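Coordinates from my_file_30.pdb are shown below (PDB, C-alpha atoms).
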```pdb
ATOM      1  CA  MET A   1     141.252  86.498  73.854
ATOM      2  CA  ILE A   2     139.112  85.653  70.862
ATOM      3  CA  LEU A   3     139.314  82.347  69.035
ATOM      4  CA  GLY A   4     138.067  82.470  65.450
ATOM      5  CA  ILE A   5     137.388  79.285  63.523
ATOM      6  CA  ASP A   6     136.694  78.606  59.873
ATOM      7  CA  PRO A   7     135.331  75.064  59.839
ATOM      8  CA  GLY A   8     135.881  72.803  56.866
ATOM      9  CA  LEU A   9     135.631  69.195  55.885
ATOM     10  CA  ALA A  10     139.357  68.594  55.828
ATOM     11  CA  ASN A  11     140.694  72.045  56.624
ATOM     12  CA  THR A  12     139.742  73.932  59.729
ATOM     13  CA  GLY A  13     141.507  77.251  60.159
ATOM     14  CA  TYR A  14     141.902  78.942  63.534
ATOM     15  CA  ALA A  15     143.098  82.317  64.768
ATOM     16  CA  VAL A  16     143.666  83.747  68.218
ATOM     17  CA  LEU A  17     143.379  87.516  68.669
ATOM     18  CA  ALA A  18     144.136  89.675  71.699
ATOM     19  CA  ASP A  19     143.526  93.336  72.371
ATOM     20  CA  SER A  20     146.371  95.235  70.767
ATOM     21  CA  LYS A  21     149.122  96.794  72.818
ATOM     22  CA  SER A  22     149.887  99.140  69.941
ATOM     23  CA  SER A  23     147.956 102.385  69.444
ATOM     24  CA  GLU A  24     147.777 101.747  65.725
ATOM     25  CA  THR A  25     145.695  98.601  65.761
ATOM     26  CA  ARG A  26     142.751  97.412  67.806
ATOM     27  CA  PHE A  27     143.636  93.744  67.863
ATOM     28  CA  GLN A  28     146.790  91.760  67.521
ATOM     29  CA  LEU A  29     147.279  88.321  66.056
ATOM     30  CA  VAL A  30     148.559  85.900  68.675
ATOM     31  CA  GLU A  31     148.555  82.689  66.685
ATOM     32  CA  CYS A  32     146.876  81.258  63.632
ATOM     33  CA  GLY A  33     147.035  78.117  61.567
ATOM     34  CA  MET A  34     145.231  74.950  60.585
ATOM     35  CA  VAL A  35     143.881  72.285  62.886
ATOM     36  CA  GLU A  36     145.560  69.123  61.683
ATOM     37  CA  VAL A  37     143.096  66.413  60.793
ATOM     38  CA  GLY A  38     143.273  62.902  59.460
ATOM     39  CA  LYS A  39     140.643  61.152  57.403
ATOM     40  CA  GLY A  40     137.241  59.620  58.022
ATOM     41  CA  GLN A  41     135.768  59.587  61.516
ATOM     42  CA  GLY A  42     139.116  60.482  63.044
ATOM     43  CA  ARG A  43     138.580  63.944  61.619
ATOM     44  CA  LEU A  44     135.967  64.918  64.215
ATOM     45  CA  LYS A  45     138.185  63.682  67.021
ATOM     46  CA  ASP A  46     141.157  65.582  65.596
ATOM     47  CA  ILE A  47     139.106  68.779  65.418
ATOM     48  CA  TYR A  48     137.909  68.215  68.978
ATOM     49  CA  GLU A  49     141.412  67.701  70.298
ATOM     50  CA  GLY A  50     142.940  70.490  68.225
ATOM     51  CA  VAL A  51     140.376  73.096  69.283
ATOM     52  CA  ASN A  52     140.540  72.012  72.926
ATOM     53  CA  LYS A  53     144.316  72.426  72.837
ATOM     54  CA  ILE A  54     144.066  76.008  71.580
ATOM     55  CA  ILE A  55     141.373  76.882  74.134
ATOM     56  CA  GLU A  56     143.546  75.530  76.919
ATOM     57  CA  LYS A  57     146.766  77.152  75.666
ATOM     58  CA  TYR A  58     145.281  80.655  75.691
ATOM     59  CA  GLU A  59     142.740  82.197  77.983
ATOM     60  CA  ILE A  60     140.054  82.076  75.347
ATOM     61  CA  GLY A  61     137.081  84.110  76.513
ATOM     62  CA  GLU A  62     135.070  84.238  73.294
ATOM     63  CA  MET A  63     134.690  82.133  70.209
ATOM     64  CA  ALA A  64     133.516  83.060  66.728
ATOM     65  CA  VAL A  65     132.754  80.476  64.066
ATOM     66  CA  GLU A  66     132.126  81.170  60.402
ATOM     67  CA  SER A  67     128.821  79.617  59.495
ATOM     68  CA  MET A  68     128.239  77.872  56.241
ATOM     69  CA  PHE A  69     127.544  79.116  52.812
ATOM     70  CA  PHE A  70     124.470  77.478  51.551
ATOM     71  CA  ALA A  71     125.520  74.390  50.331
ATOM     72  CA  LYS A  72     125.216  73.168  46.796
ATOM     73  CA  ASN A  73     126.243  69.779  48.096
ATOM     74  CA  ALA A  74     123.905  68.812  50.921
ATOM     75  CA  LYS A  75     125.955  65.817  51.978
ATOM     76  CA  SER A  76     129.173  67.722  52.488
ATOM     77  CA  ALA A  77     127.218  70.517  54.199
ATOM     78  CA  LEU A  78     126.014  68.003  56.780
ATOM     79  CA  LYS A  79     129.587  66.834  57.361
ATOM     80  CA  VAL A  80     130.785  70.405  57.887
ATOM     81  CA  ALA A  81     127.852  70.947  60.260
ATOM     82  CA  GLU A  82     129.032  67.960  62.303
ATOM     83  CA  ALA A  83     132.425  69.644  62.588
ATOM     84  CA  ILE A  84     130.735  72.913  63.612
ATOM     85  CA  GLY A  85     128.869  71.061  66.362
ATOM     86  CA  VAL A  86     132.128  69.633  67.662
ATOM     87  CA  ILE A  87     133.868  73.038  67.541
ATOM     88  CA  LYS A  88     131.010  74.707  69.395
ATOM     89  CA  VAL A  89     130.928  72.083  72.131
ATOM     90  CA  CYS A  90     134.656  72.578  72.772
ATOM     91  CA  GLY A  91     133.839  76.137  73.826
ATOM     92  CA  LEU A  92     130.460  75.547  75.411
ATOM     93  CA  LYS A  93     131.748  72.896  77.794
ATOM     94  CA  LYS A  94     134.221  75.498  79.089
ATOM     95  CA  GLY A  95     131.454  78.080  79.528
ATOM     96  CA  ILE A  96     132.663  80.073  76.509
ATOM     97  CA  GLU A  97     130.010  81.790  74.447
ATOM     98  CA  VAL A  98     130.239  80.799  70.804
ATOM     99  CA  LYS A  99     128.934  83.183  68.147
ATOM    100  CA  GLU A 100     128.352  82.373  64.511
ATOM    101  CA  TYR A 101     128.872  84.837  61.675
ATOM    102  CA  THR A 102     127.860  84.336  58.077
ATOM    103  CA  PRO A 103     130.293  85.189  55.268
ATOM    104  CA  LEU A 104     128.022  88.194  54.571
ATOM    105  CA  GLN A 105     128.395  89.465  58.132
ATOM    106  CA  VAL A 106     132.177  89.105  57.886
ATOM    107  CA  LYS A 107     132.298  91.128  54.662
ATOM    108  CA  LEU A 108     130.048  93.828  56.080
ATOM    109  CA  ALA A 109     132.076  94.087  59.288
ATOM    110  CA  LEU A 110     135.485  94.199  57.610
ATOM    111  CA  VAL A 111     134.907  95.854  54.251
ATOM    112  CA  GLY A 112     131.518  97.487  54.795
ATOM    113  CA  TYR A 113     130.218  95.906  51.619
ATOM    114  CA  GLY A 114     128.416  92.565  51.429
ATOM    115  CA  ARG A 115     129.687  91.728  47.975
ATOM    116  CA  ALA A 116     133.305  92.423  48.754
ATOM    117  CA  GLU A 117     135.860  90.163  47.116
ATOM    118  CA  LYS A 118     137.855  87.695  49.180
ATOM    119  CA  SER A 119     140.978  89.708  48.359
ATOM    120  CA  GLN A 120     139.434  92.854  49.842
ATOM    121  CA  VAL A 121     138.626  91.005  53.069
ATOM    122  CA  GLU A 122     142.175  89.686  53.225
ATOM    123  CA  GLU A 123     143.625  93.148  52.665
ATOM    124  CA  MET A 124     141.463  94.620  55.448
ATOM    125  CA  VAL A 125     142.592  91.842  57.791
ATOM    126  CA  ARG A 126     146.212  92.655  56.961
ATOM    127  CA  GLN A 127     145.725  96.372  57.612
ATOM    128  CA  GLU A 128     143.686  95.933  60.790
ATOM    129  CA  LEU A 129     146.308  93.718  62.359
ATOM    130  CA  GLY A 130     149.241  95.764  61.070
ATOM    131  CA  LEU A 131     150.703  92.802  59.198
ATOM    132  CA  VAL A 132     153.251  93.039  56.415
ATOM    133  CA  GLU A 133     151.885  90.144  54.387
ATOM    134  CA  LEU A 134     148.443  88.762  53.610
ATOM    135  CA  ILE A 135     147.510  85.685  55.596
ATOM    136  CA  HIS A 136     147.545  82.344  53.770
ATOM    137  CA  PRO A 137     146.008  79.836  53.201
ATOM    138  CA  SER A 138     142.456  81.069  52.847
ATOM    139  CA  HIS A 139     140.985  78.919  55.651
ATOM    140  CA  VAL A 140     143.372  80.620  58.048
ATOM    141  CA  ALA A 141     142.607  84.059  56.621
ATOM    142  CA  ASP A 142     138.902  83.307  57.059
ATOM    143  CA  ALA A 143     139.466  82.298  60.666
ATOM    144  CA  VAL A 144     141.266  85.582  61.348
ATOM    145  CA  ALA A 145     138.479  87.471  59.564
ATOM    146  CA  VAL A 146     135.716  85.906  61.657
ATOM    147  CA  ALA A 147     137.665  86.547  64.861
ATOM    148  CA  LEU A 148     138.077  90.207  63.860
ATOM    149  CA  THR A 149     134.398  90.421  62.940
ATOM    150  CA  HIS A 150     133.540  89.230  66.409
ATOM    151  CA  GLY A 151     135.991  91.646  67.985
ATOM    152  CA  PHE A 152     134.542  94.625  66.112
ATOM    153  CA  THR A 153     130.992  93.528  66.812
ATOM    154  CA  MET A 154     131.671  93.266  70.539
ATOM    155  CA  LYS A 155     133.634  96.538  70.764
ATOM    156  CA  TYR A 156     131.129  98.675  68.890
ATOM    157  CA  GLU A 157     127.857  97.113  69.811
TER     158      GLU A 157
ATOM    159  CA  MET B   1     127.403  47.072  75.312
ATOM    160  CA  ILE B   2     125.853  48.959  72.424
ATOM    161  CA  LEU B   3     124.700  52.556  72.716
ATOM    162  CA  GLY B   4     122.117  53.550  70.129
ATOM    163  CA  ILE B   5     121.252  57.200  69.577
ATOM    164  CA  ASP B   6     118.482  58.885  67.657
ATOM    165  CA  PRO B   7     119.641  62.485  67.354
ATOM    166  CA  GLY B   8     117.156  65.311  67.203
ATOM    167  CA  LEU B   9     116.997  69.055  67.503
ATOM    168  CA  ALA B  10     115.342  69.061  70.889
ATOM    169  CA  ASN B  11     114.887  65.354  71.521
ATOM    170  CA  THR B  12     117.735  62.895  71.465
ATOM    171  CA  GLY B  13     116.771  59.347  72.341
ATOM    172  CA  TYR B  14     119.267  56.805  73.629
ATOM    173  CA  ALA B  15     119.267  53.081  74.305
ATOM    174  CA  VAL B  16     121.807  50.723  75.853
ATOM    175  CA  LEU B  17     121.707  47.073  74.813
ATOM    176  CA  ALA B  18     123.661  44.126  76.158
ATOM    177  CA  ASP B  19     123.914  40.543  74.966
ATOM    178  CA  SER B  20     120.923  38.708  76.331
ATOM    179  CA  LYS B  21     121.211  36.248  79.185
ATOM    180  CA  SER B  22     117.957  34.647  78.085
ATOM    181  CA  SER B  23     117.875  31.988  75.377
ATOM    182  CA  GLU B  24     114.798  33.594  73.852
ATOM    183  CA  THR B  25     116.296  36.904  72.830
ATOM    184  CA  ARG B  26     119.623  37.955  71.374
ATOM    185  CA  PHE B  27     119.866  41.304  73.135
ATOM    186  CA  GLN B  28     118.453  42.781  76.278
ATOM    187  CA  LEU B  29     117.516  46.359  76.982
ATOM    188  CA  VAL B  30     119.641  47.796  79.786
ATOM    189  CA  GLU B  31     118.425  51.376  79.779
ATOM    190  CA  CYS B  32     116.735  53.788  77.436
ATOM    191  CA  GLY B  33     115.371  57.300  77.558
ATOM    192  CA  MET B  34     115.827  60.847  76.369
ATOM    193  CA  VAL B  35     118.902  62.999  76.804
ATOM    194  CA  GLU B  36     117.602  66.056  78.600
ATOM    195  CA  VAL B  37     118.363  69.250  76.764
ATOM    196  CA  GLY B  38     117.669  72.927  77.291
ATOM    197  CA  LYS B  39     117.321  75.526  74.600
ATOM    198  CA  GLY B  40     119.648  77.355  72.241
ATOM    199  CA  GLN B  41     123.393  76.721  72.367
ATOM    200  CA  GLY B  42     123.094  74.925  75.695
ATOM    201  CA  ARG B  43     121.511  72.101  73.769
ATOM    202  CA  LEU B  44     124.822  70.912  72.279
ATOM    203  CA  LYS B  45     126.476  71.027  75.677
ATOM    204  CA  ASP B  46     123.588  69.113  77.219
ATOM    205  CA  ILE B  47     123.835  66.439  74.534
ATOM    206  CA  TYR B  48     127.596  66.243  75.059
ATOM    207  CA  GLU B  49     127.250  65.837  78.804
ATOM    208  CA  GLY B  50     124.301  63.474  78.592
ATOM    209  CA  VAL B  51     125.956  61.128  76.107
ATOM    210  CA  ASN B  52     129.256  61.195  78.012
ATOM    211  CA  LYS B  53     127.411  60.238  81.168
ATOM    212  CA  ILE B  54     125.827  57.198  79.523
ATOM    213  CA  ILE B  55     129.142  56.118  77.972
ATOM    214  CA  GLU B  56     130.825  56.333  81.357
ATOM    215  CA  LYS B  57     128.014  54.615  83.243
ATOM    216  CA  TYR B  58     128.130  51.502  81.066
ATOM    217  CA  GLU B  59     131.041  49.835  79.389
ATOM    218  CA  ILE B  60     129.962  51.038  75.982
ATOM    219  CA  GLY B  61     131.988  49.291  73.319
ATOM    220  CA  GLU B  62     130.062  50.310  70.227
ATOM    221  CA  MET B  63     127.861  53.169  69.174
ATOM    222  CA  ALA B  64     125.200  53.368  66.497
ATOM    223  CA  VAL B  65     123.619  56.645  65.408
ATOM    224  CA  GLU B  66     120.585  57.019  63.207
ATOM    225  CA  SER B  67     121.531  59.270  60.330
ATOM    226  CA  MET B  68     119.230  61.867  58.939
ATOM    227  CA  PHE B  69     116.349  61.681  56.604
ATOM    228  CA  PHE B  70     116.920  64.041  53.791
ATOM    229  CA  ALA B  71     115.833  67.131  55.011
ATOM    230  CA  LYS B  72     113.109  69.272  53.620
ATOM    231  CA  ASN B  73     114.303  71.997  55.944
ATOM    232  CA  ALA B  74     118.001  72.561  55.304
ATOM    233  CA  LYS B  75     118.473  74.817  58.300
ATOM    234  CA  SER B  76     117.149  72.354  60.839
ATOM    235  CA  ALA B  77     119.084  69.564  59.093
ATOM    236  CA  LEU B  78     122.300  71.470  59.731
ATOM    237  CA  LYS B  79     121.372  71.870  63.402
ATOM    238  CA  VAL B  80     120.726  68.148  63.748
ATOM    239  CA  ALA B  81     124.049  67.488  61.991
ATOM    240  CA  GLU B  82     125.793  69.624  64.628
ATOM    241  CA  ALA B  83     124.240  67.413  67.289
ATOM    242  CA  ILE B  84     125.366  64.297  65.385
ATOM    243  CA  GLY B  85     128.919  65.656  65.334
ATOM    244  CA  VAL B  86     128.815  66.157  69.090
ATOM    245  CA  ILE B  87     127.377  62.673  69.689
ATOM    246  CA  LYS B  88     130.033  61.050  67.504
ATOM    247  CA  VAL B  89     132.885  62.855  69.204
ATOM    248  CA  CYS B  90     131.691  61.629  72.614
ATOM    249  CA  GLY B  91     132.401  58.112  71.418
ATOM    250  CA  LEU B  92     135.415  58.782  69.235
ATOM    251  CA  LYS B  93     137.359  60.501  71.998
ATOM    252  CA  LYS B  94     136.948  57.295  74.031
ATOM    253  CA  GLY B  95     138.152  55.165  71.135
ATOM    254  CA  ILE B  96     134.648  53.836  70.469
ATOM    255  CA  GLU B  97     133.753  53.146  66.877
ATOM    256  CA  VAL B  98     130.620  54.994  65.834
ATOM    257  CA  LYS B  99     128.489  53.627  63.020
ATOM    258  CA  GLU B 100     125.686  55.423  61.250
ATOM    259  CA  TYR B 101     122.578  53.728  59.924
ATOM    260  CA  THR B 102     119.955  55.283  57.700
ATOM    261  CA  PRO B 103     116.252  54.811  58.479
ATOM    262  CA  LEU B 104     116.166  52.507  55.458
ATOM    263  CA  GLN B 105     118.918  50.306  56.890
ATOM    264  CA  VAL B 106     117.045  50.113  60.197
ATOM    265  CA  LYS B 107     113.834  49.011  58.493
ATOM    266  CA  LEU B 108     115.657  46.422  56.411
ATOM    267  CA  ALA B 109     117.513  45.026  59.417
ATOM    268  CA  LEU B 110     114.482  44.817  61.697
ATOM    269  CA  VAL B 111     111.519  44.196  59.407
ATOM    270  CA  GLY B 112     113.275  43.057  56.241
ATOM    271  CA  TYR B 113     111.328  45.571  54.213
ATOM    272  CA  GLY B 114     112.524  49.099  53.404
ATOM    273  CA  ARG B 115     109.067  50.594  53.342
ATOM    274  CA  ALA B 116     107.997  49.158  56.652
ATOM    275  CA  GLU B 117     105.761  51.330  58.806
ATOM    276  CA  LYS B 118     107.073  52.830  62.018
ATOM    277  CA  SER B 119     104.632  50.628  63.937
ATOM    278  CA  GLN B 120     106.110  47.489  62.359
ATOM    279  CA  VAL B 121     109.598  48.535  63.432
ATOM    280  CA  GLU B 122     108.349  49.194  66.950
ATOM    281  CA  GLU B 123     106.639  45.818  67.119
ATOM    282  CA  MET B 124     109.828  44.041  65.964
ATOM    283  CA  VAL B 125     111.817  45.893  68.618
ATOM    284  CA  ARG B 126     109.316  44.765  71.248
ATOM    285  CA  GLN B 127     109.498  41.140  70.131
ATOM    286  CA  GLU B 128     113.283  41.059  69.737
ATOM    287  CA  LEU B 129     113.821  42.351  73.253
ATOM    288  CA  GLY B 130     111.021  40.261  74.773
ATOM    289  CA  LEU B 131     109.216  43.341  76.052
ATOM    290  CA  VAL B 132     105.577  43.431  77.101
ATOM    291  CA  GLU B 133     104.885  46.938  75.828
ATOM    292  CA  LEU B 134     105.992  48.984  72.833
ATOM    293  CA  ILE B 135     108.666  51.557  73.621
ATOM    294  CA  HIS B 136     107.593  55.216  73.757
ATOM    295  CA  PRO B 137     108.211  57.997  72.809
ATOM    296  CA  SER B 138     109.298  57.462  69.237
ATOM    297  CA  HIS B 139     112.783  59.005  69.635
ATOM    298  CA  VAL B 140     113.523  56.386  72.262
ATOM    299  CA  ALA B 141     112.059  53.609  70.143
ATOM    300  CA  ASP B 142     114.241  54.797  67.243
ATOM    301  CA  ALA B 143     117.315  54.720  69.472
ATOM    302  CA  VAL B 144     116.571  51.138  70.480
ATOM    303  CA  ALA B 145     115.955  50.247  66.841
ATOM    304  CA  VAL B 146     119.287  51.615  65.646
ATOM    305  CA  ALA B 147     121.116  49.882  68.498
ATOM    306  CA  LEU B 148     119.443  46.586  67.522
ATOM    307  CA  THR B 149     120.265  47.200  63.869
ATOM    308  CA  HIS B 150     123.901  47.568  64.815
ATOM    309  CA  GLY B 151     123.772  44.482  66.987
ATOM    310  CA  PHE B 152     122.293  42.344  64.219
ATOM    311  CA  THR B 153     124.689  43.772  61.647
ATOM    312  CA  MET B 154     127.693  42.934  63.814
ATOM    313  CA  LYS B 155     126.444  39.459  64.796
ATOM    314  CA  TYR B 156     125.611  38.307  61.293
ATOM    315  CA  GLU B 157     128.179  40.053  59.189
TER     316      GLU B 157
END
```
Rewrite the structure of this file - the entire thing - as structure tokens.
Amino acid sequence: MILGIDPGLANTGYAVLADSKSSETRFQLVECGMVEVGKGQGRLKDIYEGVNKIIEKYEIGEMAVESMFFAKNAKSALKVAEAIGVIKVCGLKKGIEVKEYTPLQVKLALVGYGRAEKSQVEEMVRQELGLVELIHPSHVADAVAVALTHGFTMKYE
Amino acid sequence: MILGIDPGLANTGYAVLADSKSSETRFQLVECGMVEVGKGQGRLKDIYEGVNKIIEKYEIGEMAVESMFFAKNAKSALKVAEAIGVIKVCGLKKGIEVKEYTPLQVKLALVGYGRAEKSQVEEMVRQELGLVELIHPSHVADAVAVALTHGFTMKYE
């Protein structure tokens, strides 16, 4: 199974994908949501515990993390990078390879167009997974998108 | 005991200080050195394991991490921030409070002068700990300095 993560300062989205049992889709959504975090330093610990819990619940074999946009605000970028370090180490300590994908790579993989709108990415995610509704909120949708990007990249590389 | 860490891309220095048993110094150096790291993604895992090992070896009650200089190279700054996240979570998951100190705070605490030279900081570290020689390499010296900064800050706050 693939674990996709969209790291954020306060909001870290996650998504677990498995190979699809249906002939109409390539992957199926197993679970997605937000890692619950508190404030201040507790945040890193909450991310650590939340991501570990998901890795242990499912047989996560691969992880994909959305890497950062470049960062008007350097200070908050550094804080998000701390969270990314914590997320990566959750996988690495279990021997899981962790790949990073830029927002550009996600758009290219899902829509085939690097300037695609967020709404186009979300619509492709919906179609690919055979879902009735778009995924909300956007941190969760982004986590699903990066997991799918990884899945496509691995399948067709 | 206080664990001080100077995080780096490839070189993470650490230092463990205890209250001094001598009347001539306030703290004594218990152990210091570099956390051994490999290359690439393994680096974060190595830092995680190395810092955990030190925390478990000693009864670490407090951690102090030197925070980053602002960063001509944004990309390497983000990589160091990932390492800082990993270092912090090693402490936080054990319930250890982790404080960050800027290079300026270290200079002010040890030399009393924010524009102090590196060599002045190193000399103050040597004197404070009653050492014969200066500590080398500089990542280790910086780790000792941030641990001392934390010690002084806690003792005289």
Selected residue, from A:Val146, A:Leu129, A:Leu78, A:Met34, that lies nearest to chain B when counting all atoms listed in the file: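 Smallest separation from chain B among the options: A:Leu78.
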Please produce, as a Markdown table, a per-residue contact table for chain A versus chain B (criterion: any atom at most 10 Å away, all atoms listed in the file considered), showing the nearest atom pair and its distance in Å to one decimal, sorted by chain then residue number.
```
| residue | atom | partner | partner_atom | distance |
| --- | --- | --- | --- | --- |
| A:Gln41 | CA | B:Leu92 | CA | 7.8 |
| A:Gly42 | CA | B:Leu92 | CA | 7.4 |
| A:Arg43 | CA | B:Val89 | CA | 9.5 |
| A:Leu44 | CA | B:Val89 | CA | 6.2 |
| A:Lys45 | CA | B:Val89 | CA | 5.8 |
| A:Asp46 | CA | B:Lys93 | CA | 9.0 |
| A:Ile47 | CA | B:Val89 | CA | 9.4 |
| A:Tyr48 | CA | B:Val89 | CA | 7.3 |
| A:Glu49 | CA | B:Lys93 | CA | 8.4 |
| A:Met68 | CA | B:Leu78 | CA | 9.4 |
| A:Phe70 | CA | B:Ala74 | CA | 9.0 |
| A:Ala71 | CA | B:Ala74 | CA | 9.2 |
| A:Ala74 | CA | B:Ala74 | CA | 8.3 |
| A:Lys75 | CA | B:Phe70 | CA | 9.4 |
| A:Ala77 | CA | B:Leu78 | CA | 7.5 |
| A:Leu78 | CA | B:Ala81 | CA | 5.6 |
| A:Lys79 | CA | B:Ala81 | CA | 7.2 |
| A:Val80 | CA | B:Ala81 | CA | 8.4 |
| A:Ala81 | CA | B:Glu82 | CA | 5.0 |
| A:Glu82 | CA | B:Gly85 | CA | 3.8 |
| A:Ala83 | CA | B:Gly85 | CA | 6.0 |
| A:Ile84 | CA | B:Glu82 | CA | 6.0 |
| A:Gly85 | CA | B:Glu82 | CA | 3.8 |
| A:Val86 | CA | B:Val86 | CA | 5.0 |
| A:Ile87 | CA | B:Val86 | CA | 8.7 |
| A:Lys88 | CA | B:Leu44 | CA | 7.8 |
| A:Val89 | CA | B:Lys45 | CA | 5.8 |
| A:Cys90 | CA | B:Lys45 | CA | 8.8 |
| A:Gly91 | CA | B:Lys45 | CA | 9.2 |
| A:Leu92 | CA | B:Lys45 | CA | 6.0 |
| A:Lys93 | CA | B:Lys45 | CA | 6.0 |
| A:Lys94 | CA | B:Lys45 | CA | 9.6 |
| A:Gly95 | CA | B:Lys45 | CA | 9.5 |
| A:Glu97 | CA | B:Gln41 | CA | 8.6 |
| A:Val98 | CA | B:Gln41 | CA | 8.1 |
| A:Lys99 | CA | B:Gln41 | CA | 9.5 |
```
Spatial neighbours of Leu17 of chain A, max dist 6 Å, all atoms listed in the file, sep filter under 5 positions, as a VMD selection string: chain A and resid 1 to 2 28 to 30
Shell around Arg26 of chain B at 9 Å using only C-alpha atoms, local window under 4 positions removed, as a PyMOL selection string: chain B and resi 18-22+128-129+151-152
Reference answer for the PyMOL selection byres ((chain A and resi 135) around 10), as a VMD selection string: chain A and resid 32 to 33 122 to 123 125 to 126 131 to 134 136 to 142 144
How would the residues just chosen look if you wrote them out with C-alpha atoms as an mmCIF file, in the coordinates of the input?
```cif
data_model
loop_
_atom_site.group_PDB
_atom_site.id
_atom_site.type_symbol
_atom_site.label_atom_id
_atom_site.label_comp_id
_atom_site.auth_asym_id
_atom_site.auth_seq_id
_atom_site.Cartn_x
_atom_site.Cartn_y
_atom_site.Cartn_z
ATOM 1 C CA CYS A 32 146.876 81.258 63.632
ATOM 2 C CA GLY A 33 147.035 78.117 61.567
ATOM 3 C CA GLU A 122 142.175 89.686 53.225
ATOM 4 C CA GLU A 123 143.625 93.148 52.665
ATOM 5 C CA VAL A 125 142.592 91.842 57.791
ATOM 6 C CA ARG A 126 146.212 92.655 56.961
ATOM 7 C CA LEU A 131 150.703 92.802 59.198
ATOM 8 C CA VAL A 132 153.251 93.039 56.415
ATOM 9 C CA GLU A 133 151.885 90.144 54.387
ATOM 10 C CA LEU A 134 148.443 88.762 53.610
ATOM 11 C CA HIS A 136 147.545 82.344 53.770
ATOM 12 C CA PRO A 137 146.008 79.836 53.201
ATOM 13 C CA SER A 138 142.456 81.069 52.847
ATOM 14 C CA HIS A 139 140.985 78.919 55.651
ATOM 15 C CA VAL A 140 143.372 80.620 58.048
ATOM 16 C CA ALA A 141 142.607 84.059 56.621
ATOM 17 C CA ASP A 142 138.902 83.307 57.059
ATOM 18 C CA VAL A 144 141.266 85.582 61.348
#
```
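Using all atoms listed in the file, the shortest contact distance between Ala15 of chain A and any of A:Ala116, A:Ile60, A:Val106, A:Met154 is found at A:Ile60.
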Interatomic distance, atom CA of Thr12 of chain A to atom CA of Ser67 of chain A (Å, one decimal): 12.3 Å
Block slice segment 128-140 of chain A, N, CA and C atoms, emitted as a PDB file, in the first residue's frame:
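Output saved as out.pdb:
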```pdb
ATOM      1  N   GLU A 128      -9.977   8.914 -11.189  1.00  0.00           N
ATOM      2  CA  GLU A 128      -9.035   7.792 -11.102  1.00  0.00           C
ATOM      3  C   GLU A 128      -9.433   6.791 -10.030  1.00  0.00           C
ATOM      4  N   LEU A 129      -9.998   7.297  -8.959  1.00  0.00           N
ATOM      5  CA  LEU A 129     -10.352   6.408  -7.848  1.00  0.00           C
ATOM      6  C   LEU A 129     -11.813   5.965  -7.911  1.00  0.00           C
ATOM      7  N   GLY A 130     -12.520   6.418  -8.961  1.00  0.00           N
ATOM      8  CA  GLY A 130     -13.922   6.038  -9.101  1.00  0.00           C
ATOM      9  C   GLY A 130     -14.800   6.534  -7.968  1.00  0.00           C
ATOM     10  N   LEU A 131     -14.517   7.755  -7.502  1.00  0.00           N
ATOM     11  CA  LEU A 131     -15.289   8.320  -6.392  1.00  0.00           C
ATOM     12  C   LEU A 131     -16.471   9.124  -6.919  1.00  0.00           C
ATOM     13  N   VAL A 132     -17.489   9.233  -6.110  1.00  0.00           N
ATOM     14  CA  VAL A 132     -18.666  10.017  -6.487  1.00  0.00           C
ATOM     15  C   VAL A 132     -18.413  11.508  -6.260  1.00  0.00           C
ATOM     16  N   GLU A 133     -17.755  11.809  -5.155  1.00  0.00           N
ATOM     17  CA  GLU A 133     -17.546  13.211  -4.783  1.00  0.00           C
ATOM     18  C   GLU A 133     -16.065  13.584  -4.832  1.00  0.00           C
ATOM     19  N   LEU A 134     -15.786  14.862  -4.964  1.00  0.00           N
ATOM     20  CA  LEU A 134     -14.417  15.349  -4.814  1.00  0.00           C
ATOM     21  C   LEU A 134     -13.986  15.190  -3.354  1.00  0.00           C
ATOM     22  N   ILE A 135     -12.688  15.021  -3.169  1.00  0.00           N
ATOM     23  CA  ILE A 135     -12.179  14.886  -1.805  1.00  0.00           C
ATOM     24  C   ILE A 135     -11.938  16.266  -1.190  1.00  0.00           C
ATOM     25  N   HIS A 136     -12.386  16.441   0.032  1.00  0.00           N
ATOM     26  CA  HIS A 136     -12.156  17.658   0.805  1.00  0.00           C
ATOM     27  C   HIS A 136     -11.597  17.277   2.161  1.00  0.00           C
ATOM     28  N   PRO A 137     -10.956  18.164   2.903  1.00  0.00           N
ATOM     29  CA  PRO A 137     -10.430  19.459   2.464  1.00  0.00           C
ATOM     30  C   PRO A 137      -9.207  19.310   1.563  1.00  0.00           C
ATOM     31  N   SER A 138      -8.617  20.418   1.175  1.00  0.00           N
ATOM     32  CA  SER A 138      -7.614  20.352   0.113  1.00  0.00           C
ATOM     33  C   SER A 138      -6.325  19.665   0.561  1.00  0.00           C
ATOM     34  N   HIS A 139      -5.995  19.712   1.858  1.00  0.00           N
ATOM     35  CA  HIS A 139      -4.789  18.989   2.306  1.00  0.00           C
ATOM     36  C   HIS A 139      -4.964  17.477   2.134  1.00  0.00           C
ATOM     37  N   VAL A 140      -6.182  17.018   2.296  1.00  0.00           N
ATOM     38  CA  VAL A 140      -6.438  15.586   2.112  1.00  0.00           C
ATOM     39  C   VAL A 140      -6.412  15.256   0.623  1.00  0.00           C
TER      40      VAL A 140
END
```
